[in-house]
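start-v4.pdb (PDB, C-alpha atoms)
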```
MODEL        1
ATOM      1  CA  MET A   1     197.288 106.097 147.956
ATOM      2  CA  ASP A   2     196.622 107.475 144.486
ATOM      3  CA  HIS A   3     193.097 107.187 143.090
ATOM      4  CA  PRO A   4     191.607 107.300 139.545
ATOM      5  CA  TYR A   5     189.087 110.058 140.225
ATOM      6  CA  VAL A   6     188.775 113.656 139.038
ATOM      7  CA  PRO A   7     189.918 116.125 140.238
ATOM      8  CA  ARG A   8     193.238 114.432 140.857
ATOM      9  CA  ASP A   9     193.735 116.337 144.100
ATOM     10  CA  LEU A  10     190.508 114.936 145.590
ATOM     11  CA  HIS A  11     191.366 114.033 149.169
ATOM     12  CA  LEU A  12     190.478 110.393 149.904
ATOM     13  CA  PRO A  13     192.586 109.207 152.856
ATOM     14  CA  GLY A  14     192.747 105.438 153.141
ATOM     15  CA  TYR A  15     191.438 104.828 149.622
ATOM     16  CA  VAL A  16     191.427 101.163 148.581
ATOM     17  CA  PRO A  17     191.272 100.422 144.826
ATOM     18  CA  VAL A  18     188.434  98.436 143.278
ATOM     19  CA  SER A  19     189.096  94.718 143.682
ATOM     20  CA  LEU A  20     186.282  93.381 141.499
ATOM     21  CA  SER A  21     186.455  93.669 137.724
ATOM     22  CA  GLN A  22     184.137  95.975 135.828
ATOM     23  CA  SER A  23     182.485  92.995 134.108
ATOM     24  CA  THR A  24     181.822  91.327 137.459
ATOM     25  CA  ILE A  25     180.277  94.460 138.972
ATOM     26  CA  ILE A  26     178.033  95.129 135.986
ATOM     27  CA  GLY A  27     177.243  91.439 135.543
ATOM     28  CA  VAL A  28     176.102  90.936 139.137
ATOM     29  CA  TYR A  29     173.941  94.054 138.972
ATOM     30  CA  GLY A  30     172.458  92.967 135.650
ATOM     31  CA  LEU A  31     171.730  89.413 136.790
ATOM     32  CA  SER A  32     170.200  90.500 140.100
ATOM     33  CA  SER A  33     168.032  93.051 138.288
ATOM     34  CA  LEU A  34     166.978  90.412 135.764
ATOM     35  CA  LEU A  35     166.081  88.055 138.609
ATOM     36  CA  VAL A  36     163.872  90.677 140.271
ATOM     37  CA  VAL A  37     162.165  91.618 137.008
ATOM     38  CA  SER A  38     161.611  87.966 136.029
ATOM     39  CA  LEU A  39     160.155  87.101 139.436
ATOM     40  CA  VAL A  40     157.710  90.028 139.382
ATOM     41  CA  TRP A  41     156.746  89.285 135.790
ATOM     42  CA  LEU A  42     156.032  85.610 136.519
ATOM     43  CA  LEU A  43     154.100  86.288 139.723
ATOM     44  CA  SER A  44     152.027  89.061 138.152
ATOM     45  CA  GLY A  45     151.202  86.767 135.246
ATOM     46  CA  ARG A  46     149.321  84.424 137.589
ATOM     47  CA  SER A  47     146.533  86.995 137.702
ATOM     48  CA  GLY A  48     144.585  87.342 134.496
ATOM     49  CA  ASN A  49     143.322  90.774 135.498
ATOM     50  CA  ILE A  50     146.625  92.627 135.079
ATOM     51  CA  SER A  51     147.536  93.926 131.623
ATOM     52  CA  LYS A  52     150.986  93.401 130.152
ATOM     53  CA  LEU A  53     151.726  97.117 130.438
ATOM     54  CA  ASP A  54     150.868  97.122 134.128
ATOM     55  CA  ARG A  55     153.021  94.025 134.617
ATOM     56  CA  LEU A  56     155.934  95.851 132.988
ATOM     57  CA  LEU A  57     155.318  98.809 135.279
ATOM     58  CA  MET A  58     155.346  96.484 138.281
ATOM     59  CA  CYS A  59     158.731  95.177 137.120
ATOM     60  CA  TRP A  60     160.054  98.720 136.796
ATOM     61  CA  TRP A  61     158.838  99.802 140.213
ATOM     62  CA  ALA A  62     160.271  96.705 141.880
ATOM     63  CA  PHE A  63     163.635  97.181 140.156
ATOM     64  CA  THR A  64     163.917 100.907 140.784
ATOM     65  CA  GLY A  65     162.588 100.631 144.354
ATOM     66  CA  LEU A  66     165.173  98.038 145.362
ATOM     67  CA  THR A  67     167.888 100.029 143.578
ATOM     68  CA  HIS A  68     166.949 103.132 145.561
ATOM     69  CA  MET A  69     166.731 101.363 148.892
ATOM     70  CA  ILE A  70     169.659  98.935 148.705
ATOM     71  CA  LEU A  71     172.226 100.425 146.337
ATOM     72  CA  GLU A  72     171.650 104.119 146.934
ATOM     73  CA  GLY A  73     170.779 103.551 150.571
ATOM     74  CA  TYR A  74     174.171 101.924 151.123
ATOM     75  CA  PHE A  75     175.928 104.922 149.588
ATOM     76  CA  VAL A  76     174.080 107.398 151.799
ATOM     77  CA  PHE A  77     174.796 105.554 155.033
ATOM     78  CA  SER A  78     178.355 104.423 154.198
ATOM     79  CA  PRO A  79     180.416 107.609 153.940
ATOM     80  CA  GLU A  80     183.755 105.782 153.804
ATOM     81  CA  PHE A  81     182.914 103.101 151.273
ATOM     82  CA  TYR A  82     186.114 103.943 149.382
ATOM     83  CA  LYS A  83     188.109 102.504 152.305
ATOM     84  CA  GLU A  84     186.440  99.099 152.122
ATOM     85  CA  LYS A  85     189.093  96.351 151.938
ATOM     86  CA  THR A  86     186.955  93.209 151.891
ATOM     87  CA  GLY A  87     185.646  93.544 148.338
ATOM     88  CA  PHE A  88     182.078  94.050 149.584
ATOM     89  CA  TYR A  89     179.947  94.287 146.459
ATOM     90  CA  LEU A  90     177.992  97.477 147.247
ATOM     91  CA  ALA A  91     181.194  99.335 148.098
ATOM     92  CA  GLU A  92     182.775  98.083 144.894
ATOM     93  CA  VAL A  93     179.818  99.392 142.879
ATOM     94  CA  TRP A  94     180.322 102.936 144.170
ATOM     95  CA  LYS A  95     184.092 102.810 143.784
ATOM     96  CA  GLU A  96     183.528 101.863 140.157
ATOM     97  CA  TYR A  97     180.690 104.319 139.520
ATOM     98  CA  SER A  98     182.751 107.159 141.003
ATOM     99  CA  LYS A  99     184.949 106.865 137.926
ATOM    100  CA  GLY A 100     182.018 108.364 136.053
ATOM    101  CA  ASP A 101     181.159 110.879 138.774
ATOM    102  CA  SER A 102     183.765 111.432 141.474
ATOM    103  CA  ARG A 103     181.316 113.504 143.507
ATOM    104  CA  TYR A 104     180.218 110.194 145.005
ATOM    105  CA  ALA A 105     183.673 109.337 146.296
ATOM    106  CA  GLY A 106     184.100 112.927 147.485
ATOM    107  CA  ARG A 107     180.721 112.878 149.316
ATOM    108  CA  ASP A 108     179.423 116.003 147.590
ATOM    109  CA  SER A 109     176.660 117.476 149.748
ATOM    110  CA  ALA A 110     174.201 117.825 146.846
ATOM    111  CA  ILE A 111     174.725 114.203 145.835
ATOM    112  CA  VAL A 112     174.309 112.884 149.370
ATOM    113  CA  SER A 113     171.129 114.940 149.803
ATOM    114  CA  VAL A 114     169.558 113.792 146.535
ATOM    115  CA  GLU A 115     170.474 110.156 147.090
ATOM    116  CA  GLY A 116     169.293 110.275 150.696
ATOM    117  CA  ILE A 117     165.885 111.639 149.741
ATOM    118  CA  THR A 118     165.633 109.128 146.920
ATOM    119  CA  ALA A 119     166.513 106.139 149.093
ATOM    120  CA  VAL A 120     164.263 107.036 152.023
ATOM    121  CA  LEU A 121     161.299 108.833 150.442
ATOM    122  CA  GLU A 122     161.094 107.213 146.999
ATOM    123  CA  GLY A 123     162.336 103.659 147.511
ATOM    124  CA  PRO A 124     159.487 102.357 149.724
ATOM    125  CA  PRO A 125     156.729 104.064 147.663
ATOM    126  CA  CYS A 126     158.090 102.291 144.563
ATOM    127  CA  LEU A 127     157.389  98.941 146.218
ATOM    128  CA  LEU A 128     154.003 100.251 147.323
ATOM    129  CA  ALA A 129     153.302 101.025 143.653
ATOM    130  CA  VAL A 130     153.891  97.351 142.814
ATOM    131  CA  TYR A 131     151.238  96.386 145.362
ATOM    132  CA  ALA A 132     148.853  99.152 144.235
ATOM    133  CA  ILE A 133     148.976  98.027 140.608
ATOM    134  CA  ALA A 134     148.566  94.362 141.538
ATOM    135  CA  LYS A 135     145.507  95.067 143.679
ATOM    136  CA  GLY A 136     144.021  97.752 141.415
ATOM    137  CA  LYS A 137     144.050 100.370 144.161
ATOM    138  CA  GLY A 138     142.459 103.733 143.425
ATOM    139  CA  TYR A 139     145.600 105.612 144.450
ATOM    140  CA  SER A 140     147.815 103.717 141.992
ATOM    141  CA  TYR A 141     148.041 106.438 139.340
ATOM    142  CA  ILE A 142     148.565 109.383 141.673
ATOM    143  CA  LEU A 143     151.234 107.386 143.526
ATOM    144  CA  GLN A 144     153.094 106.549 140.317
ATOM    145  CA  PHE A 145     152.776 110.145 139.164
ATOM    146  CA  ALA A 146     154.218 111.482 142.433
ATOM    147  CA  ILE A 147     157.154 109.055 142.445
ATOM    148  CA  SER A 148     157.946 109.786 138.798
ATOM    149  CA  LEU A 149     158.007 113.529 139.472
ATOM    150  CA  GLY A 150     160.339 112.907 142.413
ATOM    151  CA  GLN A 151     162.672 110.826 140.245
ATOM    152  CA  LEU A 152     162.681 113.458 137.512
ATOM    153  CA  TYR A 153     163.377 116.218 140.025
ATOM    154  CA  GLY A 154     166.259 114.302 141.585
ATOM    155  CA  THR A 155     167.795 113.416 138.222
ATOM    156  CA  PHE A 156     167.591 116.990 136.938
ATOM    157  CA  VAL A 157     169.178 118.294 140.149
ATOM    158  CA  TYR A 158     171.896 115.683 139.697
ATOM    159  CA  PHE A 159     172.733 116.837 136.179
ATOM    160  CA  ILE A 160     172.264 120.572 136.760
ATOM    161  CA  THR A 161     174.526 120.717 139.824
ATOM    162  CA  ALA A 162     177.258 118.950 137.822
ATOM    163  CA  ILE A 163     176.942 121.505 135.012
ATOM    164  CA  LEU A 164     177.068 124.433 137.446
ATOM    165  CA  GLU A 165     180.204 122.979 139.029
ATOM    166  CA  GLY A 166     182.004 122.506 135.731
ATOM    167  CA  ASP A 167     180.851 119.044 134.647
ATOM    168  CA  ASN A 168     184.352 117.623 135.078
ATOM    169  CA  PHE A 169     184.059 114.635 137.393
ATOM    170  CA  SER A 170     184.754 111.663 135.098
ATOM    171  CA  ALA A 171     187.987 109.706 134.752
ATOM    172  CA  SER A 172     187.512 109.418 130.968
ATOM    173  CA  PRO A 173     184.917 110.001 128.217
ATOM    174  CA  PHE A 174     183.999 106.306 128.406
ATOM    175  CA  TYR A 175     182.985 106.516 132.052
ATOM    176  CA  TYR A 176     181.290 109.849 131.434
ATOM    177  CA  TYR A 177     178.939 108.531 128.767
ATOM    178  CA  ALA A 178     178.536 104.960 130.054
ATOM    179  CA  TYR A 179     177.983 105.707 133.752
ATOM    180  CA  TYR A 180     177.068 109.355 134.094
ATOM    181  CA  VAL A 181     174.947 109.859 130.961
ATOM    182  CA  LEU A 182     173.566 106.466 129.869
ATOM    183  CA  ALA A 183     172.931 104.882 133.266
ATOM    184  CA  ASN A 184     171.026 107.921 134.524
ATOM    185  CA  SER A 185     169.101 108.612 131.323
ATOM    186  CA  PHE A 186     166.672 105.783 132.143
ATOM    187  CA  TRP A 187     165.499 107.785 135.170
ATOM    188  CA  ILE A 188     164.498 110.596 132.840
ATOM    189  CA  LEU A 189     162.939 108.622 129.985
ATOM    190  CA  ILE A 190     160.886 106.065 131.915
ATOM    191  CA  PRO A 191     159.530 108.381 134.666
ATOM    192  CA  SER A 192     158.570 110.897 131.966
ATOM    193  CA  LEU A 193     156.524 108.281 130.096
ATOM    194  CA  ILE A 194     154.898 107.059 133.300
ATOM    195  CA  ALA A 195     154.068 110.604 134.431
ATOM    196  CA  ILE A 196     152.430 111.401 131.082
ATOM    197  CA  ARG A 197     150.376 108.200 131.203
ATOM    198  CA  CYS A 198     149.244 108.809 134.777
ATOM    199  CA  TRP A 199     148.375 112.432 133.978
ATOM    200  CA  LYS A 200     146.106 111.264 131.149
ATOM    201  CA  LYS A 201     144.492 108.569 133.312
ATOM    202  CA  ILE A 202     143.819 110.953 136.201
ATOM    203  CA  SER A 203     142.534 113.714 133.908
ATOM    204  CA  LEU A 204     140.192 111.274 132.145
ATOM    205  CA  ALA A 205     138.836 110.006 135.468
ATOM    206  CA  VAL A 206     138.205 113.528 136.767
ATOM    207  CA  GLN A 207     136.575 114.569 133.496
ATOM    208  CA  SER A 208     134.332 111.496 133.535
ATOM    209  CA  GLN A 209     133.308 112.169 137.134
ATOM    210  CA  SER A 210     132.531 115.799 136.310
ATOM    211  CA  GLN A 211     130.339 114.765 133.385
ATOM    212  CA  LYS A 212     128.396 112.347 135.605
ATOM    213  CA  LYS A 213     127.731 115.127 138.105
ATOM    214  CA  LYS A 214     126.510 117.419 135.341
ATOM    215  CA  VAL A 215     124.134 114.726 134.090
ATOM    216  CA  ARG A 216     122.697 114.207 137.571
ATOM    217  CA  LEU A 217     122.271 117.929 138.115
ATOM    218  CA  HIS A 218     120.618 118.279 134.716
ATOM    219  CA  TYR A 219     117.848 115.835 135.611
ATOM    220  CA  ILE A 220     117.183 117.067 139.119
ATOM    221  CA  PRO A 221     114.934 120.008 138.038
ATOM    222  CA  GLU A 222     112.860 117.726 135.797
ATOM    223  CA  TRP A 223     112.179 115.222 138.562
ATOM    224  CA  THR A 224     111.526 118.056 140.961
ATOM    225  CA  SER A 225     108.956 119.518 138.548
ATOM    226  CA  ILE A 226     107.230 116.159 138.101
ATOM    227  CA  ALA A 227     107.053 115.615 141.840
ATOM    228  CA  TRP A 228     105.606 119.099 142.323
ATOM    229  CA  TRP A 229     103.018 118.490 139.571
ATOM    230  CA  MET A 230     101.939 115.145 141.028
ATOM    231  CA  GLN A 231     101.681 116.648 144.492
ATOM    232  CA  SER A 232      99.535 119.522 143.207
ATOM    233  CA  LYS A 233      97.161 117.100 141.432
ATOM    234  CA  TRP A 234      96.823 114.576 144.259
ATOM    235  CA  PHE A 235      96.537 116.961 147.144
ATOM    236  CA  ALA A 236      94.663 119.810 145.435
TER     237      ALA A 236
ENDMDL
END
```
Written as structure tokens, that's how I'd like the structure from this file.
Amino acid sequence: MDHPYVPRDLHLPGYVPVSLSQSTIIGVYGLSSLLVVSLVWLLSGRSGNISKLDRLLMCWWAFTGLTHMILEGYFVFSPEFYKEKTGFYLAEVWKEYSKGDSRYAGRDSAIVSVEGITAVLEGPPCLLAVYAIAKGKGYSYILQFAISLGQLYGTFVYFITAILEGDNFSASPFYYYAYYVLANSFWILIPSLIAIRCWKKISLAVQSQSQKKKVRLHYIPEWTSIAWWMQSKWFA
């Protein structure tokens, strides 16, 4: 059966067209994301010790973690999603998104690798970041920094491989800019801001610790001299 993807000669035996409308697919994703964000925001607000910025970060990590694990995880482990006949939502998402990047329908090896690493190695740590922020764990900033770097790396690989292969995988300019460019741009902007913030926090903590060590070392000779003087007077 004919398909809407580019290149037109992409071999997809048994392809079944999208059965859900674009508005339904986007609407369900938007509502489910809003539900997750709202739940995390409300629960985090019960603690007066968490700042609004950290609560927003918890919302982001919960949203992006579940997206990695559920949505992207389904793609990685469902190589023939384009054959799905039941209208299963996750399969419909990737049939629709492939209009913006047909490498997904074609199971491009670079795409499968990036998405696989993202789903398995970045998804769970995102949820761990929610817990780390909520509990004020000492590893919170380095964890967020590491995940953000991983997201940036994966997104850049995603874009660069498309450019090297001709950047011609969209059914139309609309799908190109709406799905391929806009939808993925959030995983460049937000991780970049988080990485910069965490870098500053970690650097400040290390600098503060170094200054405390210098202060302690500065006073050691003085106390040592006093102790030596007292000893020489008392035991002379």
Long-range neighbours of segment 187-191 of chain A as a list in words, 10 Å cut-off, only C-alpha atoms, 3 positions minimum in chain: Leu57, Trp60, Thr64, Gln144, Phe145, Ala146, Ile147, Ser148, Leu149, Gly150, Gln151, Leu152, Tyr153, Gly154, Thr155, Phe156, Leu182, Ala183, Asn184, Ile194, Ala195, Ile196 and Arg197 of chain A
Can you sort out the box for segment 186-204 of chain A, edges along x, y and z, all listed atoms in, 8 Å on every side, with centre and edge lengths in Å to one decimal, as JSON?
```
{"center_x": 153.4, "center_y": 109.7, "center_z": 133.1, "size_x": 42.5, "size_y": 23.9, "size_z": 22.2}
```
For the structure shown, which residues end up in the PyMOL selection byres ((chain A and resi 58) around 8)? Put them as number ranges by chain, please? A: 40-41, 54-57, 59-62, 129-130, 133-134
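For the choices A:Val37, A:Leu12, A:Ile202, A:Ile26, the atom-to-atom distance to Tyr139 of chain A is smallest for A:Ile202 when using all atoms listed in the file.
If you measure from each of A:Ile50, A:Leu10, A:Cys126, A:Ala178 to Thr67 of chain A using only C-alpha atoms, the closest one turns out to be A:Cys126.
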Could you give me, as a VMD selection string, the residues that sit within 8 Å of (164.6, 108.3, 144.9) in the file's coordinates, counting only C-alpha atoms? chain A and resid 65 68 114 to 123 147 150 to 151 154
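Rounded to one decimal, atom CA of Tyr175 of chain A and atom CA of Ala110 of chain A lie 20.6 Å from each other.
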Just say which residues the PyMOL selection byres ((chain A and resi 176) around 12) picks in this file, as a ChimeraX atom specification. /A:5-6,97-102,162,167-175,177-184
Please save C-alpha atoms of the selected residues as a JSON list (two decimals), in the coordinates of the input.
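Result saved to selection_12.json:
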```json
[["chain", "number", "residue", "atom", "x", "y", "z"],
["A", 5, "TYR", "CA", 189.09, 110.06, 140.22],
["A", 6, "VAL", "CA", 188.78, 113.66, 139.04],
["A", 97, "TYR", "CA", 180.69, 104.32, 139.52],
["A", 98, "SER", "CA", 182.75, 107.16, 141.00],
["A", 99, "LYS", "CA", 184.95, 106.86, 137.93],
["A", 100, "GLY", "CA", 182.02, 108.36, 136.05],
["A", 101, "ASP", "CA", 181.16, 110.88, 138.77],
["A", 102, "SER", "CA", 183.76, 111.43, 141.47],
["A", 162, "ALA", "CA", 177.26, 118.95, 137.82],
["A", 167, "ASP", "CA", 180.85, 119.04, 134.65],
["A", 168, "ASN", "CA", 184.35, 117.62, 135.08],
["A", 169, "PHE", "CA", 184.06, 114.64, 137.39],
["A", 170, "SER", "CA", 184.75, 111.66, 135.10],
["A", 171, "ALA", "CA", 187.99, 109.71, 134.75],
["A", 172, "SER", "CA", 187.51, 109.42, 130.97],
["A", 173, "PRO", "CA", 184.92, 110.00, 128.22],
["A", 174, "PHE", "CA", 184.00, 106.31, 128.41],
["A", 175, "TYR", "CA", 182.98, 106.52, 132.05],
["A", 177, "TYR", "CA", 178.94, 108.53, 128.77],
["A", 178, "ALA", "CA", 178.54, 104.96, 130.05],
["A", 179, "TYR", "CA", 177.98, 105.71, 133.75],
["A", 180, "TYR", "CA", 177.07, 109.36, 134.09],
["A", 181, "VAL", "CA", 174.95, 109.86, 130.96],
["A", 182, "LEU", "CA", 173.57, 106.47, 129.87],
["A", 183, "ALA", "CA", 172.93, 104.88, 133.27],
["A", 184, "ASN", "CA", 171.03, 107.92, 134.52]]
```
Selected residue of minimal separation from Ser32 of chain A among A:Ala91, A:Leu127, A:Val206, A:Leu71, counting only C-alpha atoms: A:Leu71
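Minimum distance to Trp199 of chain A across A:Tyr29, A:Tyr104, A:Phe75, A:Tyr141 (counting all atoms listed in the file) occurs at A:Tyr141.
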Pairwise distance, atom CA of Leu193 of chain A with atom CA of Ser33 of chain A, equals 20.8 Å
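From atom CA of Val157 of chain A back to atom CA of Ile111 of chain A, the distance works out to 8.9 Å.
Minimum atom-to-atom distances from A:Glu80, A:Glu72, A:Glu165, A:Asp2 to Arg107 of chain A were compared using only C-alpha atoms, and the lowest value belongs to A:Glu80.
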Quick one: everything within 12 Å of Ser21 of chain A, counting only C-alpha atoms, minus sequence neighbours fewer than 2 positions away in the same chain. Send it as an NGL selection string. :A and (17-19 or 23-28 or 87 or 89 or 92-93 or 95-96)
